Structure formats: structure tokens, C-alpha cells
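Inspection log for the structure reproduced underneath, given as C-alpha cells.
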Amino acid sequence: VTCVAFCFALSYCFGSCDFARKIHANSPASGSDDLVMWSDVYTIVEATNDEIHSLQDQMAIPLEEVTLVLERSVADAPQVFRLPARYREELMARQVAVISNPPFYLVDPLIHERRASDDFAVWMSGYKDEVIVEKMLRRLARDYPDITALYEVGRSHEGRPIFALKISDNPSLDEDEPAFLFNAAHHGNELLAPEYVLDLARFMLSGRGSFGETRWFDFMYESTNGVGTVHYRRPEIQTMIENFELWFVPVVNPDGLHVAWNRGYWSGRKNARDTTSPRGRWNKGDGVDLNRNYPFYWNSGFEKASSGRPGSIFYRGRAAGSEPETRAIMGLAERQRFAVSLSYHCYATKILVPYTIDLAVSPNPNPAWRIGQELARAGISHRPVKRYTAERNLYAVDGTDQDWLYNRFGTMAFIIEGSYLTPDYEPRARRSIQGMRPLSLRALELYAEGPALIIHVVDEQNRPTQARVEIVEFDYIENEAFTTHPRNGRFDYFLNSGGDYTLRVSKPGYQWLETRVECQSGHCPVSLKLTPDPARPN
Ligand SMILES: [Zn+2]
């Protein structure tokens, strides 16, 4: 959740007050098929066996609607039960203990079976924890060794690996190709977000097999739900795998995901840093909001954009980039210089276009707007009253990943807010995943469509070099200083529209270069060689 009313409720409700009730009061009328999250489907209560039997009688609750989700061995101890959400109000009126921040395994107890399985189809059949995600990534890397490489790009605060699956030809090499980042679960409790990333990775890989000549067939999501399929020609995916470097980080915040499943669902938004008392053990208010921890406009001072209070759900951390999970993504971005990044969240059904931070002034023109609006057009929300739209933000923010990526590397970086939070997996989650796929694929197509300058800069000895690149006609206000990648001298410069531009290239110790380039559509290659200038020392 990058935003929503109940976040604010939660920020002061992290203690004992029952905010599940507040959510419910703000939810659409029952029967509406708009926003759905797990708390609209289930309620979790603690009661003894005797109490639950008597409630079943008094409230006429059918036996099959009551699931024992945690059995305690002590006789007469309260057990934990899962019931349909529609009983919540009455259960609370009858003084039954409703657990407002349950670990998600109480909502979805089948997680234990999925985690124990070795069957890919079983893993795909429900929400995933960090253990299942790791198993899936290892399986994909094993099954497609020639076009995948699995990397550990960092470790979480509690020591869990942060994995990145790369899909490309020659995956162990850094080739002179544009890199794309698909990441999710900066907020660990947004269980639907990693699904979008895993689905896309699996889709790209499954498309490469030898079945069918004219369209991609995907066995994961298309077969049962009848809500339409994404047709995609195999040569297109083949070309993308050959020409792009696709990086998938389904779980940026594995500790938060672990917290959501095992300690408290709502607490899983943040990472697991020990930020609140009592110290030395996990508390439900612990953690840093990783999507407020990036250096660009960190702690901007803009009201409510983030919080300095360690118990807040928007706690920005002690310093910019203080968290190991943030640094893992920053390090990966520094190495790869992504052309495009999609960071998946839930559930506003929006594409957030940089700069999302109110105080930051976006470049003018800002090609990200055109791309963000195209992405919104491609997404299918499967929500009856809400379509994907492109917006700057949902409410005040600072220290977000996408703005840092855009400012630092010129990455076309978007937050993609999916269409539900954690709804019933069948059918809503599955539909939402399916509706996201054309949006994600559209990002790859838009890159290919351009217009964009594909710039390569070499030094006097024809070695690729890092140099600053700037289109003179564009206005930059936030000290953007885009540079070519030192490894291959490359920078992909997105344009707002076709036309003539003045490209300026500079590097200390070298003469400035200015050149006129025309680029109407597609990719316009520009190769430039720098000449040393003793008068301009390093
Ligand atoms: Zn989020």
C-alpha cells in the first residue's frame, strides 16, 4: 500500500485499537466487488472450543464456515479460528477476541502445505512466503540454465538473502543491452506484488519452449478463469530475451514478508529492524518503511511525506539509505543502470510517475508521463469501478525508490499499484495478476518503440567511458547528471516526442561535444568519441 486511508488509521492504531473494524467501516458496501482484501473475506478470532460451539448455535453459523487454524494443546486454552468476515461485527459485539493483526498463516493455513511441496504448480496455487519464492527462483534457474542466472544482491536486516533472477541470453555476462528491473515487496505485506513479478518471469521463460508456433501458451493463469488471455507472439519474446537484460527481484523486503506471514500481517509493511521498545525482540511497530529510505529528498521536511517516529508505518529510518534492503537495490541499480524499472505495490490501481515527491521539480519535458499513461492504458484491473490511471502520487511521499532511480540514472521508474491488496487468491488475485501482465509487457514494448537515443561514448583510445550526457533543450532542475555506463559507454535517452535535439557530452579532461541528432521514432543510435583537452583537467 503506498497509500490509503487506513494506513493513517493504522499509524496510530498500531497498539491495541481495532483498526480492522475501521477498515470495514470504510470499505465498500458488502456485495460490491470493488476493493477486496483478506479482511473482507475472513475474520480471525480466539475462543475456546466451548465458546465457539455456543457461538455457532447462537449465531447459526454453519459448521463448515468455522476453520480451526491454530490448535493449542493445553486443555481449555483458547484456540484460533477463521470465520467469514461477515460475522465480525456480531462476534465483536459478543466480546469475542478478534485478532486485528494476525500472522497471515492464520488467514491462509495452506501455506504450510505449499511450503513443504516441491511441485511448481502447488507453489503457484496460492500466496507465497519468502521460502516458496526462493524455491521457485532456484527451480526456474535450474530449468532454464542457458537464459537465467540467479544472484543474491544483498541480505536483509535479519540475514535473509535478497534474490535477483536475470533472464537474458548469455545471462552470466553483462552485455551491451538495456537492463530492466521488475521488483516488488518493498512493503512485505503486499502479498500480491511479488506475484506480478514471478508471473512475468515465468511467462517470459515459458514462452521460450517448443509448444505452439503462433502464440504463447501459459499454463499458470490462462486455463481456468476465462477472463481473457494475453496473446503474444513467440518471436517477440525471443527477441526480448536476446536483446534485453531482464532483472526480477520479487521480494525486496524478505523480512517484511516473513513478518506478514508469521508475526503480524500489517506489521509486514516495514522491514524487521528493531526500532521500538521493548528492544531486543520483535514488536509489531518495528521496522523502517523501505520506500521512504532512498536518498533522493530523504526526509524532505514536507509534511506527512515520511515520519521520523520509529513506530510509524512511514518511518524513514535513521539515515538515507540506512537499510540493507534499500542498499541492495541501490547497488544493483548502480551496476546495471536500468533503462526501465517497475516497482510493484498494492492496491491503488495506479501508475505513479516520477517525480512523485511534491517538492521535486520534474524534468521538462518529462517522457515518463507519456510512458506512464501508456502503461495505464495497457493494464486490466478486473475491478468493476476502477481502471488503471497514471498519477504523480497518492499523497505526500519522499525517499521513494523510483524518484531516486529517475534522478540518479534517468531510469524510467514507476511504482505500479496493483488492483487489490491481498484478496482471495481465487479468483481475484489470479485475475489481478493476469491483468498486470500486459502492463508489464507494455513497458518492454514502449522501450522498443522509442523514440530514444541509444548513446555510446568512447575515449580517444576507443574504450567505453563514463561521460555526462544532456539534451540541451530539456530543462533539469534537480541536479540530474545522467552519465553513460562506465562498462559499455552506453546511455539510453528517452525522448518525449520525435524531433531534432542537441546532445551535449562532457567529461573532465576532455573537450565538450555538442551534436545535432534527429530521432523521430524507434531507437536512434549515436556514437561519439571524446578528444582529450589538457586545458580541462580531471
Ligand atoms: Zn506499498
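Please note that chains go A, B, ... in the order of the C-alpha cells, that every chain numbers its residues from 1, and that ligands are numbered from 1 in the order shown.
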
Contacts with ligand 1 at most 12 Å, only C-alpha atoms and all ligand atoms counted, listed as a ChimeraX atom specification: /A:1-4,7,183-194,252-253,256,266,268-270,289-292,313-314,343-350,352,394,397,400-401,415-418,420-422

Near-A:Ala320 list (12 Å; only C-alpha atoms; drop same-chain fewer than 6 positions) as a ChimeraX atom specification: /A:288-300,308,326-327,330,398-401,404

Could you take the residues named above and write them with N, CA, C and O atoms, as a PDB file, in the first residue's frame?
ATOM      1  N   VAL A 288      11.529  -0.177   9.359  1.00  0.00           N
ATOM      2  CA  VAL A 288      11.672   1.010   8.521  1.00  0.00           C
ATOM      3  C   VAL A 288      10.845   0.795   7.257  1.00  0.00           C
ATOM      4  O   VAL A 288      10.843  -0.301   6.690  1.00  0.00           O
ATOM      5  N   ASP A 289      10.149   1.843   6.835  1.00  0.00           N
ATOM      6  CA  ASP A 289       9.433   1.811   5.556  1.00  0.00           C
ATOM      7  C   ASP A 289      10.480   1.987   4.450  1.00  0.00           C
ATOM      8  O   ASP A 289      10.989   3.087   4.232  1.00  0.00           O
ATOM      9  N   LEU A 290      10.792   0.903   3.763  1.00  0.00           N
ATOM     10  CA  LEU A 290      11.893   0.951   2.786  1.00  0.00           C
ATOM     11  C   LEU A 290      11.618   1.932   1.660  1.00  0.00           C
ATOM     12  O   LEU A 290      12.554   2.485   1.079  1.00  0.00           O
ATOM     13  N   ASN A 291      10.361   2.169   1.361  1.00  0.00           N
ATOM     14  CA  ASN A 291      10.053   3.112   0.287  1.00  0.00           C
ATOM     15  C   ASN A 291       9.987   4.556   0.782  1.00  0.00           C
ATOM     16  O   ASN A 291       9.415   5.434   0.122  1.00  0.00           O
ATOM     17  N   ARG A 292      10.577   4.822   1.928  1.00  0.00           N
ATOM     18  CA  ARG A 292      10.839   6.190   2.392  1.00  0.00           C
ATOM     19  C   ARG A 292      12.321   6.350   2.726  1.00  0.00           C
ATOM     20  O   ARG A 292      12.727   7.340   3.295  1.00  0.00           O
ATOM     21  N   ASN A 293      13.119   5.354   2.381  1.00  0.00           N
ATOM     22  CA  ASN A 293      14.511   5.284   2.851  1.00  0.00           C
ATOM     23  C   ASN A 293      15.538   5.637   1.769  1.00  0.00           C
ATOM     24  O   ASN A 293      16.729   5.719   2.041  1.00  0.00           O
ATOM     25  N   TYR A 294      15.101   5.879   0.526  1.00  0.00           N
ATOM     26  CA  TYR A 294      16.050   6.186  -0.557  1.00  0.00           C
ATOM     27  C   TYR A 294      16.543   7.627  -0.432  1.00  0.00           C
ATOM     28  O   TYR A 294      15.850   8.489   0.123  1.00  0.00           O
ATOM     29  N   PRO A 295      17.745   7.904  -0.938  1.00  0.00           N
ATOM     30  CA  PRO A 295      18.387   9.198  -0.661  1.00  0.00           C
ATOM     31  C   PRO A 295      17.738  10.426  -1.302  1.00  0.00           C
ATOM     32  O   PRO A 295      17.880  11.526  -0.760  1.00  0.00           O
ATOM     33  N   PHE A 296      17.079  10.283  -2.449  1.00  0.00           N
ATOM     34  CA  PHE A 296      16.558  11.478  -3.121  1.00  0.00           C
ATOM     35  C   PHE A 296      15.413  12.078  -2.298  1.00  0.00           C
ATOM     36  O   PHE A 296      14.390  11.425  -2.091  1.00  0.00           O
ATOM     37  N   TYR A 297      15.621  13.323  -1.836  1.00  0.00           N
ATOM     38  CA  TYR A 297      14.635  14.002  -0.982  1.00  0.00           C
ATOM     39  C   TYR A 297      14.268  13.161   0.240  1.00  0.00           C
ATOM     40  O   TYR A 297      13.125  13.189   0.692  1.00  0.00           O
ATOM     41  N   TRP A 298      15.254  12.429   0.764  1.00  0.00           N
ATOM     42  CA  TRP A 298      15.008  11.714   2.021  1.00  0.00           C
ATOM     43  C   TRP A 298      14.752  12.756   3.113  1.00  0.00           C
ATOM     44  O   TRP A 298      15.463  13.761   3.176  1.00  0.00           O
ATOM     45  N   ASN A 299      13.742  12.530   3.913  1.00  0.00           N
ATOM     46  CA  ASN A 299      13.404  13.481   4.974  1.00  0.00           C
ATOM     47  C   ASN A 299      13.312  14.901   4.419  1.00  0.00           C
ATOM     48  O   ASN A 299      13.996  15.813   4.871  1.00  0.00           O
ATOM     49  N   SER A 300      12.451  15.074   3.433  1.00  0.00           N
ATOM     50  CA  SER A 300      12.356  16.353   2.733  1.00  0.00           C
ATOM     51  C   SER A 300      11.803  17.463   3.614  1.00  0.00           C
ATOM     52  O   SER A 300      11.939  18.628   3.300  1.00  0.00           O
ATOM     53  N   GLY A 308       9.642  10.549  11.158  1.00  0.00           N
ATOM     54  CA  GLY A 308      10.846  10.294  11.944  1.00  0.00           C
ATOM     55  C   GLY A 308      10.554   9.488  13.201  1.00  0.00           C
ATOM     56  O   GLY A 308      11.457   9.226  13.990  1.00  0.00           O
ATOM     57  N   THR A 326      17.392  -1.517   1.099  1.00  0.00           N
ATOM     58  CA  THR A 326      17.500  -0.351   0.214  1.00  0.00           C
ATOM     59  C   THR A 326      18.835  -0.362  -0.519  1.00  0.00           C
ATOM     60  O   THR A 326      18.904  -0.152  -1.736  1.00  0.00           O
ATOM     61  N   ARG A 327      19.879  -0.640   0.240  1.00  0.00           N
ATOM     62  CA  ARG A 327      21.223  -0.614  -0.364  1.00  0.00           C
ATOM     63  C   ARG A 327      21.399  -1.733  -1.383  1.00  0.00           C
ATOM     64  O   ARG A 327      22.157  -1.594  -2.348  1.00  0.00           O
ATOM     65  N   MET A 330      19.925  -0.298  -4.458  1.00  0.00           N
ATOM     66  CA  MET A 330      20.780   0.782  -4.948  1.00  0.00           C
ATOM     67  C   MET A 330      22.050   0.226  -5.601  1.00  0.00           C
ATOM     68  O   MET A 330      22.498   0.711  -6.644  1.00  0.00           O
ATOM     69  N   ASP A 398       8.245  10.956   0.322  1.00  0.00           N
ATOM     70  CA  ASP A 398       9.632  11.279  -0.029  1.00  0.00           C
ATOM     71  C   ASP A 398      10.482  10.025   0.174  1.00  0.00           C
ATOM     72  O   ASP A 398      10.024   9.027   0.722  1.00  0.00           O
ATOM     73  N   GLY A 399      11.703  10.075  -0.360  1.00  0.00           N
ATOM     74  CA  GLY A 399      12.605   8.939  -0.201  1.00  0.00           C
ATOM     75  C   GLY A 399      12.168   7.678  -0.921  1.00  0.00           C
ATOM     76  O   GLY A 399      12.480   6.567  -0.490  1.00  0.00           O
ATOM     77  N   THR A 400      11.478   7.812  -2.066  1.00  0.00           N
ATOM     78  CA  THR A 400      10.988   6.628  -2.774  1.00  0.00           C
ATOM     79  C   THR A 400      12.025   6.093  -3.757  1.00  0.00           C
ATOM     80  O   THR A 400      12.897   6.823  -4.217  1.00  0.00           O
ATOM     81  N   ASP A 401      11.878   4.809  -4.077  1.00  0.00           N
ATOM     82  CA  ASP A 401      12.870   4.179  -4.957  1.00  0.00           C
ATOM     83  C   ASP A 401      12.825   4.778  -6.358  1.00  0.00           C
ATOM     84  O   ASP A 401      13.836   5.034  -6.978  1.00  0.00           O
ATOM     85  N   TRP A 404      14.505   8.223  -6.826  1.00  0.00           N
ATOM     86  CA  TRP A 404      15.963   8.106  -6.762  1.00  0.00           C
ATOM     87  C   TRP A 404      16.511   7.534  -8.074  1.00  0.00           C
ATOM     88  O   TRP A 404      17.488   8.041  -8.632  1.00  0.00           O
TER      89      TRP A 404
END

Strand (DSSP E) per DSSP on the backbone: members of stretch 138-343 of chain A, as an NGL selection string: :A and (148-155 or 161-167 or 179-184 or 245-249 or 340-343)

Alpha helix (DSSP H) residues, from DSSP on the backbone, in stretch 382-535 of chain A, as a ChimeraX atom specification: /A:401-409,430-449

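If only C-alpha atoms are the atoms counted, then among A:Leu173, A:Phe302, A:Ser497, A:Asp255 the closest residue to A:Arg160 is A:Asp255.
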
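The nearest approach to A:Phe182 among the residues A:Arg437, A:Lys304, A:His456, A:His53, with only C-alpha atoms taken into account, belongs to A:Arg437.
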
Using only C-alpha atoms: which of A:Ala77, A:Val472, A:Val133, A:Leu140 has the shortest distance to A:Arg516: A:Val472
